[in-house]
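K.L.:
Questions regarding the structure given below will be posed in turn.
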Amino acid sequence: MRLYDYILSGSCYKVRLFLSMIGKDYETVPVDYYPGGEHKTPEFLEINPLGQIPVLTDEELTLRDAQAILVYLAGKYDADRTWYPEDPRLQGEIAMWLSFAGGEIMNSSAARLHDMLFYDFDIDKVRAAAHAAFRVLDDHLTDREILGRHWIVGENPTVADIACFPYVALSGDGGISLDDYHAIRRWISRVKRIPGFIVMPGIHAN
Amino acid sequence: MTRTTDSVALNEWQAVGTVEEIASGKRRNTRLLGQDIIVELDGDRPRMFETNADGGMGTEHPAQIHYGHVWTTLGSPEKPPLDMPEFQEEGRRLVKVGAVTVRASALRIVENFLDMSHFPYVHTGILGEEPVTEVNDYKIEIREPKDEIWATDCSFFQPQAAASADDGQISEYMYRVSSPFVTVLYKTCPVVDGAWDLVGIFVQPKDEAECDVHTFMLVFDDTSTMADLVHFQQEIFLQDRSILENQIPPGLPLDPKDEMAIKADGSSMMYRRWLRKKGLTFGTYRGSESSQAA
Amino acid sequence: MSDEFPDNAWYAVGGSDALASGDVIPVHLFGEERVAWRGDDGQSHVWQNRCVHRGMRLQYGFVDGDRLACRYHGWRFGGDARCEVIPAHPHMTPPDDYCIPAFQSADQGGLIWTAAGTSDEPPPEFPAGGEPLFCRTAAVSASPAATRQYVCRLATQEVAPGYFLMTNTYETSELTLAVAIQPSGKDSAKLHVVSATTTDGIDTQALRLYASAWTRRIRNAIEEQNRKEAVA
């Protein structure tokens with residue numbers, strides 16, 4: 001298995017984090033995303049025509065999109081079927097939150113790229129959109145806690161938690177504070193206690 | 001935001017980007033010490049202009065290329081940018097890590113660069129790790145006539161000292177501060193016995209609590225890819241960024257009474273004294289009576 | 001600070017159950033930054049959110065037994081807010097004056113309280129009968145005054161500054177809620193909502209979910225009203 005990876009990418013971190021938690025080895029291919037822009041070169045576009053990372057290759061399979069990669073890895077390598085359970089209800093809920101992770105939460109990624117690496121975004125707009133998304137997640141997690149549940153979906157951590165985690169935990173990099181989101185902060189602490197948890201720059205160990 | 005009146009800060013050479021970044025136009029519009037500026041390459045010749053109210057080019061200021069970066073100034077510096085003869089050595093690789101914006105005072109950024117006692121906590125498993133946290137005594141002095149701060153005989157145990165390192169090692173360090181905004185460290189090269197690898201930051205102070213940091217490495221390393229080298233340093237710097245953006249107050253306090261120091265903070269104490277003696281105010285904390293600049 | 005939120009009173013900053021041993025959270029009070037944390041000994045503390053060494057926000061620290069560690073250099077501070085260990089000099093006893101400014105704080109009635117200024121009184125007790133059941137916290141993007149004005153109209157009583165009692169109907173029973181307003185900053189406040197447990201055989205989870213939904217509606221209504229007034 002090979003992961004086209006960038007150390008500062010929260011999306012790549014979703015895959016690194018999950019692979020660590022399920023204990024799978026893989027080869028890392030570092031992509032000089034910044035300042036090199038390697039992901040936009042013709043050579044890389046052969047690997048992923050969208051010019052994005054992460055990309056995972058496993059034998060003949062090539063997958064782009066962190067959420068898709070998580071679903072594949074869970075299905076293929078999680079023998080206990082807890083990270084992506086077979087129950088269609090849970091799969092529906094997980095899909096909903098995977099979309100959220102690749103959608104609304106990415107406003108936090110945009111703010112971070114703007115604040116750190118000079119990407120051109122309407123910063124006030126993306127920060128406001130990130131806050132709106134975080135409020136939705138915080139309200140959800142608040143009610144889940146009331147029900148005695150600790151994860152976004154179901155009884156155990158799933159790929160929905162891994163997909164949502166990085167850009168929520170990295171929000172400070174983009175000037176988005178988590179001070180208002182009490183349930184999110186408790187959920188972050190729980191994710192950090194999952195065996196196999198690893199950090200990335202901007203995320204502390206505990 | 002308006003240009004600072006702090007002449008100590010204005011009379012320094014400041015890096016504003018790599019030659020590639022300036023040539024591509026990505027760093028055309030930037031800011032220095034509160035002043036919006038335009039930076040471009042006219043063929044090989046770097047040029048800097050103040051930005052007018054209408055967005056056009058105003059007063060021109062000196063600009064030159066050193067160490068793969070464009071340097072400029074809004075004032076009249078007394079000395080040129082630092083001298084690093086290692087750049088002439090055969091076999092060295094220059095790694096330009098890419099400009100990163102940090103919401104912090106340049107002075108906090110430089111001080112963090114000089115500090116070793118954070119290695120086990122901020123760069124865990126790379127530059128340090130509990131329980132090996134003790135900082136041994138080191139020497140700190142001001143070297144004339146260039147008026148540079150040098151910390152020598154520094155050492156620290158490191159699980160992964162460099163991109164090329166396979167094992168833990170005791171790294172030896174020297175730290176050098178050549179201007180309030182420029183600092184370089186020299187560390188044990190894992191590949192060539194007796195040589196130093198260089199890592200440095202050219203901090204471009206845009207506002208009192210916002211900077212673009214230009215990091216470079218000058219190393220002996222024939223095995224790591226450029227991406228590996230860049231990523232190793234970016235990982236370390238981005239770990240520091242999450243600390244730097246959370247220090248209060250943002251400005252660096254120059255009065256020793258404002259923050260509590262220990263022996264391991266020798267470099268930091270010398271740096272603060274040195275800044276105070278220069279009369280620098282840009283990026284300092286001026287909130288308490290005792291720390292008002294003279 | 002104002003007459004409605006005086007500076008020598010207690011203010012709630014979160015649910016006691018919501019700050020477990022090992023948790024560290026930021027607290028804003030009148031624009032001032034504090035940190036709340038709970039050690040393994042179960043004791044909660046509210047301190048200034050700033051390490052005395054190099055000014056690092058302590059909210060990013062971690063709990064190590066009964067001590068709070070700063071993220072930057074790992075300095076350990078004990079429950080009395082004094083520095084006990086400086087990892088760069090592990091054999092040194094830190095000077096006595098290397099300590100974090102601490103504030104009065106207490107767990108009371110299901111909530112964690114801190115005093116703005118100093119108070120000779122203990123924090124307010126839970127104002128209804130029965131055991132307090134912490135429901136949730138909600139952050140409101142509106143001034144403490146606007147938040148108070150809205151909550152006040154629903155309340156039967158103001159038990160202490162910013163701490164209101166009100167009754168709702170849940171299914172066919174009467175539900176008592178206590179709402180503590182935390183005056184975070186100029187344009188921000190938090191609501192901490194506690195309900196009384198009932199003896200009517202009502203499922204406490206269902207009751208808390210109801211209270212949570214109620215809190216969301218109140219939060220959204222306060223913000224909606226705030227937006228309308230801003231435009232007017």
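The way I read the labels, and the way they are meant: chains A, B, ... in the order of the structure tokens, residue 1 as the first residue of every chain, and ligand 1 as the first ligand shown, with later ones counted on from there.
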Mind the document's chain letters and residue numbers, and return as number ranges by chain the residues of stretch 144-235 of chain B that DSSP labels helix (DSSP H, G or I).
P.N.:
B: 226-235
K.L.:
With only C-alpha atoms as the counted atoms, please give the residues lying no more than 12 Å from C:Leu68, apart from itself and same-chain residues fewer than 4 positions off, as a short mmCIF file (atom, residue, chain, number, x, y, z; two decimals) with N, CA and C atoms, in the first residue's frame.
P.N.:
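Produced file around.cif, reproduced below:
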```cif
data_model
loop_
_atom_site.label_atom_id
_atom_site.label_comp_id
_atom_site.auth_asym_id
_atom_site.auth_seq_id
_atom_site.Cartn_x
_atom_site.Cartn_y
_atom_site.Cartn_z
N SER C 21 -11.97 14.61 35.33
CA SER C 21 -10.55 14.61 35.73
C SER C 21 -9.70 14.48 34.47
N GLY C 22 -8.73 15.36 34.35
CA GLY C 22 -7.87 15.34 33.17
C GLY C 22 -8.25 16.35 32.12
N ASP C 23 -9.41 16.99 32.27
CA ASP C 23 -9.85 17.99 31.29
C ASP C 23 -9.29 19.37 31.62
N VAL C 24 -9.02 20.14 30.57
CA VAL C 24 -8.57 21.53 30.71
C VAL C 24 -9.39 22.34 29.72
N ILE C 25 -10.04 23.40 30.19
CA ILE C 25 -10.88 24.18 29.26
C ILE C 25 -10.64 25.69 29.42
N VAL C 35 -8.51 29.71 32.78
CA VAL C 35 -8.50 28.30 32.42
C VAL C 35 -9.10 27.52 33.59
N ALA C 36 -9.90 26.52 33.29
CA ALA C 36 -10.45 25.63 34.33
C ALA C 36 -9.92 24.23 34.06
N TRP C 37 -9.55 23.53 35.12
CA TRP C 37 -9.07 22.16 34.93
C TRP C 37 -9.39 21.34 36.16
N ARG C 38 -9.37 20.03 35.98
CA ARG C 38 -9.65 19.14 37.11
C ARG C 38 -8.56 18.09 37.18
N GLY C 39 -7.97 17.95 38.36
CA GLY C 39 -6.91 16.96 38.55
C GLY C 39 -7.46 15.56 38.77
N ASP C 40 -6.56 14.61 38.84
CA ASP C 40 -6.97 13.23 39.11
C ASP C 40 -7.56 13.09 40.51
N GLN C 43 -10.33 17.54 42.13
CA GLN C 43 -10.43 18.95 42.50
C GLN C 43 -10.40 19.84 41.25
N SER C 44 -11.36 20.76 41.15
CA SER C 44 -11.35 21.69 40.00
C SER C 44 -10.65 22.99 40.41
N HIS C 45 -10.06 23.66 39.43
CA HIS C 45 -9.33 24.90 39.66
C HIS C 45 -9.64 25.87 38.54
N VAL C 46 -9.63 27.16 38.86
CA VAL C 46 -9.74 28.19 37.82
C VAL C 46 -8.59 29.16 38.02
N TRP C 47 -7.75 29.26 37.01
CA TRP C 47 -6.55 30.09 37.08
C TRP C 47 -6.53 31.07 35.91
N ASN C 49 -5.27 32.17 32.43
CA ASN C 49 -4.96 31.31 31.29
C ASN C 49 -3.61 31.70 30.67
N ARG C 50 -2.56 31.73 31.49
CA ARG C 50 -1.27 32.20 30.98
C ARG C 50 -0.15 31.70 31.87
N CYS C 51 0.80 30.98 31.28
CA CYS C 51 1.93 30.49 32.06
C CYS C 51 2.87 31.66 32.35
N ARG C 57 -0.67 30.09 26.66
CA ARG C 57 -2.01 29.82 27.17
C ARG C 57 -2.06 28.44 27.82
N LEU C 58 -2.48 28.40 29.08
CA LEU C 58 -2.52 27.13 29.80
C LEU C 58 -3.65 26.22 29.33
N GLN C 59 -4.63 26.76 28.58
CA GLN C 59 -5.72 25.91 28.09
C GLN C 59 -5.19 24.80 27.17
N TYR C 60 -3.99 24.98 26.63
CA TYR C 60 -3.39 23.96 25.76
C TYR C 60 -2.49 23.01 26.54
N GLY C 61 -2.50 23.17 27.86
CA GLY C 61 -1.69 22.29 28.69
C GLY C 61 -2.35 20.93 28.88
N PHE C 62 -1.74 20.11 29.72
CA PHE C 62 -2.31 18.79 29.99
C PHE C 62 -2.21 18.50 31.48
N VAL C 63 -3.11 17.66 31.95
CA VAL C 63 -3.14 17.31 33.37
C VAL C 63 -2.21 16.11 33.58
N ASP C 64 -1.36 16.23 34.59
CA ASP C 64 -0.42 15.15 34.93
C ASP C 64 -0.65 14.85 36.40
N GLY C 74 6.57 22.27 29.55
CA GLY C 74 6.25 21.18 30.46
C GLY C 74 6.30 21.53 31.94
N TRP C 75 6.36 22.82 32.29
CA TRP C 75 6.38 23.17 33.71
C TRP C 75 5.12 22.61 34.37
N ARG C 76 5.31 22.00 35.56
CA ARG C 76 4.18 21.41 36.29
C ARG C 76 3.76 22.32 37.42
N PHE C 77 2.48 22.61 37.52
CA PHE C 77 1.92 23.44 38.59
C PHE C 77 0.97 22.61 39.41
N GLY C 78 1.13 22.66 40.74
CA GLY C 78 0.28 21.88 41.63
C GLY C 78 -1.05 22.56 41.89
N GLY C 79 -1.90 21.89 42.64
CA GLY C 79 -3.23 22.41 42.91
C GLY C 79 -3.24 23.79 43.55
N ASP C 80 -2.15 24.12 44.25
CA ASP C 80 -2.07 25.45 44.86
C ASP C 80 -1.51 26.48 43.89
N ALA C 81 -1.41 26.12 42.63
CA ALA C 81 -0.96 27.00 41.54
C ALA C 81 0.54 27.31 41.58
N ARG C 82 1.28 26.62 42.45
CA ARG C 82 2.73 26.86 42.52
C ARG C 82 3.45 25.92 41.57
N CYS C 83 4.53 26.40 40.98
CA CYS C 83 5.32 25.56 40.09
C CYS C 83 6.06 24.53 40.94
N GLU C 84 5.94 23.26 40.57
CA GLU C 84 6.60 22.19 41.33
C GLU C 84 7.75 21.55 40.57
N VAL C 85 7.68 21.56 39.25
CA VAL C 85 8.74 20.93 38.46
C VAL C 85 9.03 21.78 37.23
N CYS C 99 4.33 31.13 40.44
CA CYS C 99 3.00 30.54 40.55
C CYS C 99 2.01 31.28 39.66
N ILE C 100 0.94 30.61 39.34
CA ILE C 100 -0.08 31.16 38.43
C ILE C 100 -1.13 31.89 39.27
#
```
K.L.:
Where does stretch 89-193 of chain A meet stretch 212-224 of chain B within 12 Å, residue by residue, with the nearest atom pair and distance in Å to one decimal for each, counting only C-alpha atoms, listed by chain and rising number, as JSON lines?
P.N.:
```
{"residue": "A:Asp115", "atom": "CA", "partner": "B:Asp212", "partner_atom": "CA", "distance": 10.4}
{"residue": "A:Met116", "atom": "CA", "partner": "B:Asp212", "partner_atom": "CA", "distance": 8.9}
{"residue": "A:Leu117", "atom": "CA", "partner": "B:Asp212", "partner_atom": "CA", "distance": 9.5}
{"residue": "A:Phe118", "atom": "CA", "partner": "B:Asp212", "partner_atom": "CA", "distance": 9.9}
```
K.L.:
Return the single residue from A:Asn107, A:Leu90, A:Gly10, A:Trp151 that is closest to A:Lys125, with distances computed using only C-alpha atoms.
P.N.:
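Of A:Asn107, A:Leu90, A:Gly10, A:Trp151, the one nearest A:Lys125, counting only C-alpha atoms, is A:Asn107.
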K.L.:
Stretch 144-146 of chain A: which residues within 7 Å, counting only C-alpha atoms, same-chain residues fewer than 3 positions away excluded, as number ranges by chain?
P.N.:
A: 140-141, 149-150; C: 205, 208-209
K.L.:
Give me, as a PyMOL selection string, all polymer residues having an atom no more than 10 Å from stretch 71-74 of chain B, counting only C-alpha atoms and skipping those fewer than 4 positions away in the same chain.
P.N.:
chain B and resi 3+7+9-19+32-33+35+37+39+46-50+59-67+81+202+204
K.L.:
I need the chosen residues saved as a short mmCIF file (atom, residue, chain, number, x, y, z; two decimals), in the first residue's frame, with C-alpha atoms.
P.N.:
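What ended up in part13.cif:
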```cif
data_model
loop_
_atom_site.label_atom_id
_atom_site.label_comp_id
_atom_site.auth_asym_id
_atom_site.auth_seq_id
_atom_site.Cartn_x
_atom_site.Cartn_y
_atom_site.Cartn_z
CA ARG B 3 4.50 52.13 8.79
CA SER B 7 14.06 53.47 13.34
CA ALA B 9 13.60 48.12 13.06
CA LEU B 10 13.52 50.21 9.88
CA ASN B 11 17.31 50.27 9.59
CA GLU B 12 17.64 46.51 9.12
CA TRP B 13 17.86 44.35 5.99
CA GLN B 14 14.81 42.07 5.84
CA ALA B 15 14.22 39.03 3.64
CA VAL B 16 10.87 39.17 1.87
CA GLY B 17 10.87 35.93 -0.09
CA THR B 18 12.90 33.45 -2.11
CA VAL B 19 14.02 34.38 -5.59
CA LEU B 32 7.08 45.21 5.96
CA LEU B 33 6.94 46.92 9.36
CA GLN B 35 4.23 49.44 5.22
CA ILE B 37 5.24 47.14 -0.45
CA VAL B 39 8.52 43.39 -4.64
CA PRO B 46 15.29 42.74 -7.35
CA ARG B 47 13.29 45.90 -6.76
CA MET B 48 11.09 47.10 -3.89
CA PHE B 49 8.62 49.97 -3.87
CA GLU B 50 6.29 51.37 -1.27
CA THR B 59 9.16 55.36 -3.38
CA GLU B 60 11.80 52.81 -4.32
CA HIS B 61 14.07 51.26 -1.68
CA PRO B 62 17.26 49.20 -1.96
CA ALA B 63 16.98 45.47 -2.63
CA GLN B 64 19.56 42.71 -3.11
CA ILE B 65 19.81 38.93 -3.37
CA HIS B 66 21.57 36.84 -0.72
CA TYR B 67 21.33 33.14 -0.01
CA PRO B 81 22.95 40.90 5.89
CA PHE B 202 14.64 35.19 8.13
CA GLN B 204 9.74 39.31 7.83
#
```
K.L.:
When you look at stretch 44-56 of chain A with a cut-off of 7 Å (counting only C-alpha atoms), what residues show up, excluding the ones that are within fewer than 5 positions of it in the same chain? I need them as a CSV table (one decimal) with C-alpha atoms, in the first residue's frame.
P.N.:
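Saved file result07.csv follows:
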```csv
chain,number,residue,atom,x,y,z
A,2,ARG,CA,1.3,3.4,-0.9
A,3,LEU,CA,0.1,6.8,0.3
A,4,TYR,CA,0.9,10.0,-1.6
A,5,ASP,CA,1.2,12.2,1.4
A,11,SER,CA,-6.7,15.3,4.6
A,12,CYS,CA,-3.6,13.1,4.4
A,38,GLU,CA,4.0,19.0,-7.1
A,39,HIS,CA,0.4,17.9,-6.9
A,62,THR,CA,-6.0,3.7,-6.9
A,63,LEU,CA,-8.2,5.9,-4.7
A,64,ARG,CA,-8.4,9.7,-4.3
A,65,ASP,CA,-10.5,11.5,-1.6
A,66,ALA,CA,-9.7,10.9,2.1
A,69,ILE,CA,-9.9,5.9,1.3
```
K.L.:
Which polymer residues have any atom within 9 Å of an atom of A:Ser171, counting only C-alpha atoms, with same-chain residues fewer than 2 positions away left out, as a ChimeraX atom specification?
P.N.:
/A:108-109,111-112,130,166-169,173-178,202
K.L.:
What's around A:Pro35 at 8 Å? Count only C-alpha atoms, leave out sequence neighbours fewer than 2 positions away in its own chain, and write the answer as a short mmCIF file (atom, residue, chain, number, x, y, z; two decimals) with C-alpha atoms, in the first residue's frame.
P.N.:
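Produced file around_36.cif, reproduced below:
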```
data_model
loop_
_atom_site.label_atom_id
_atom_site.label_comp_id
_atom_site.auth_asym_id
_atom_site.auth_seq_id
_atom_site.Cartn_x
_atom_site.Cartn_y
_atom_site.Cartn_z
CA ASP A 32 6.17 18.49 -2.39
CA TYR A 33 2.80 20.25 -2.08
CA GLY A 37 3.21 22.56 -6.11
CA VAL B 97 11.19 25.63 3.13
CA GLY B 98 8.59 28.11 1.85
#
```
K.L.:
Between atom CA of A:Asp143 and atom CA of C:Cys135, what is the distance, to one decimal in Å?
P.N.:
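So the answer is 9.3 Å.
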K.L.:
Counting only C-alpha atoms, a student should be able to say which residues of chain C come within 8 Å of chain B; what is the right answer, written as JSON, numbers by chain?
P.N.:
{"C": [50, 52, 53, 54, 55, 56, 57, 71, 72, 73, 74, 87, 88, 89, 90, 98]}
K.L.:
For the selection just defined, write its residues with N, CA and C atoms to a file, as a compact mmCIF listing (two decimals), in the first residue's frame.
P.N.:
```txt
# COMPACT_ATOMS: atom_id res chain seq x y z
N ARG C 50 -2.56 31.73 31.49
CA ARG C 50 -1.27 32.20 30.98
C ARG C 50 -0.15 31.70 31.87
N VAL C 52 3.38 31.71 33.57
CA VAL C 52 4.23 32.85 33.97
C VAL C 52 5.61 32.80 33.33
N HIS C 53 5.95 31.71 32.65
CA HIS C 53 7.28 31.56 32.06
C HIS C 53 7.42 32.36 30.77
N ARG C 54 6.65 31.95 29.75
CA ARG C 54 6.73 32.64 28.46
C ARG C 54 5.34 32.95 27.91
N GLY C 55 4.37 33.06 28.81
CA GLY C 55 3.06 33.55 28.40
C GLY C 55 2.19 32.58 27.62
N MET C 56 2.50 31.31 27.62
CA MET C 56 1.73 30.34 26.84
C MET C 56 0.37 30.13 27.49
N ARG C 57 -0.67 30.09 26.66
CA ARG C 57 -2.01 29.82 27.17
C ARG C 57 -2.06 28.44 27.82
N ARG C 71 2.02 23.40 28.05
CA ARG C 71 2.39 22.74 26.81
C ARG C 71 3.76 23.14 26.30
N TYR C 72 4.22 24.36 26.59
CA TYR C 72 5.41 24.88 25.94
C TYR C 72 6.69 24.21 26.46
N HIS C 73 6.90 24.30 27.78
CA HIS C 73 8.13 23.73 28.34
C HIS C 73 7.86 22.67 29.40
N GLY C 74 6.57 22.27 29.55
CA GLY C 74 6.25 21.18 30.46
C GLY C 74 6.30 21.53 31.94
N PRO C 87 11.11 20.98 33.98
CA PRO C 87 11.83 19.88 33.35
C PRO C 87 13.23 20.25 32.82
N ALA C 88 13.45 21.50 32.45
CA ALA C 88 14.79 21.88 31.96
C ALA C 88 15.82 21.79 33.09
N HIS C 89 15.37 21.90 34.32
CA HIS C 89 16.24 21.78 35.50
C HIS C 89 15.56 20.86 36.49
N PRO C 90 15.58 19.56 36.23
CA PRO C 90 14.77 18.63 37.02
C PRO C 90 15.16 18.55 38.50
N TYR C 98 7.06 31.50 41.67
CA TYR C 98 6.74 31.01 40.33
C TYR C 98 5.39 30.30 40.43
```
K.L.:
Give one line per residue of stretch 30-108 of chain C that approaches stretch 113-119 of chain C to at most 8 Å, naming the two atoms of the closest pair and their distance in Å to one decimal, counting only C-alpha atoms; sort by chain then ascending residue number and deliver it as a tab-separated table.
P.N.:
```
residue	atom	partner	partner_atom	distance
C:Val46	CA	C:Thr114	CA	6.8
C:Phe103	CA	C:Ala115	CA	6.7
C:Gln104	CA	C:Ala115	CA	5.5
C:Ser105	CA	C:Thr114	CA	4.3
C:Ala106	CA	C:Trp113	CA	5.4
C:Asp107	CA	C:Trp113	CA	6.2
C:Gln108	CA	C:Trp113	CA	7.2
```
K.L.:
Would you mind telling me which residue in A:Ala160, A:Ala79, A:Ile152, A:Leu147 lies nearest to chain C when using only C-alpha atoms?
P.N.:
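Comparing A:Ala160, A:Ala79, A:Ile152, A:Leu147 against chain C, the winner is A:Leu147.
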K.L.:
With a cut-off of 6 Å and counting only C-alpha atoms, select all residues of chain B in contact with chain A and give the selection as a VMD selection string.
P.N.:
chain B and resid 98 100 to 101 227 235 238 to 239 242
K.L.:
Quote the spacing between atom CA of A:Leu61 and atom CA of A:Cys164 in Å to one decimal place.
P.N.:
24.5 Å
K.L.:
Select residues of chain A: the criterion is any atom within 9 Å of an atom of chain C, counting only C-alpha atoms; output as a PDB file with C-alpha atoms, in the first residue's frame.
P.N.:
```pdb
ATOM      1  CA  ASP A 139     -25.008  20.424  19.054  1.00  0.00           C
ATOM      2  CA  THR A 142     -23.979  17.425  22.977  1.00  0.00           C
ATOM      3  CA  ASP A 143     -27.101  15.373  22.403  1.00  0.00           C
ATOM      4  CA  ILE A 146     -26.810  12.993  26.759  1.00  0.00           C
ATOM      5  CA  LEU A 147     -27.612   9.593  25.219  1.00  0.00           C
ATOM      6  CA  GLY A 148     -24.413   8.194  26.711  1.00  0.00           C
ATOM      7  CA  ASP A 179     -13.548  27.892  22.955  1.00  0.00           C
ATOM      8  CA  ASP A 180     -17.328  27.930  22.377  1.00  0.00           C
ATOM      9  CA  TYR A 181     -17.665  24.253  21.480  1.00  0.00           C
ATOM     10  CA  HIS A 182     -17.584  22.311  24.712  1.00  0.00           C
ATOM     11  CA  ALA A 183     -18.811  18.989  23.343  1.00  0.00           C
ATOM     12  CA  ARG A 185     -13.474  19.631  22.832  1.00  0.00           C
ATOM     13  CA  ARG A 186     -14.483  16.618  24.900  1.00  0.00           C
ATOM     14  CA  SER A 189      -9.962  14.377  23.944  1.00  0.00           C
ATOM     15  CA  HIS A 204      -1.189  18.165  20.566  1.00  0.00           C
ATOM     16  CA  ASN A 206      -3.342  15.117  24.887  1.00  0.00           C
TER      17      ASN A 206
END
```
K.L.:
Hey, what does DSSP flag as strand (DSSP E) within stretch 86-126 of chain C? Can you give it to me as a list in words?
P.N.:
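Put together, the selection reads Ala102, Phe103, Ser105, Ala106, Asp107, Gln108, Leu111, Ile112, Trp113, Thr114 and Ala115 of chain C.
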K.L.:
Measure the distance from atom CA of A:Met21 to atom CA of A:Met96 in Å and round it to one decimal.
P.N.:
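One can read the atom CA of A:Met21 to atom CA of A:Met96 distance as 22.4 Å.
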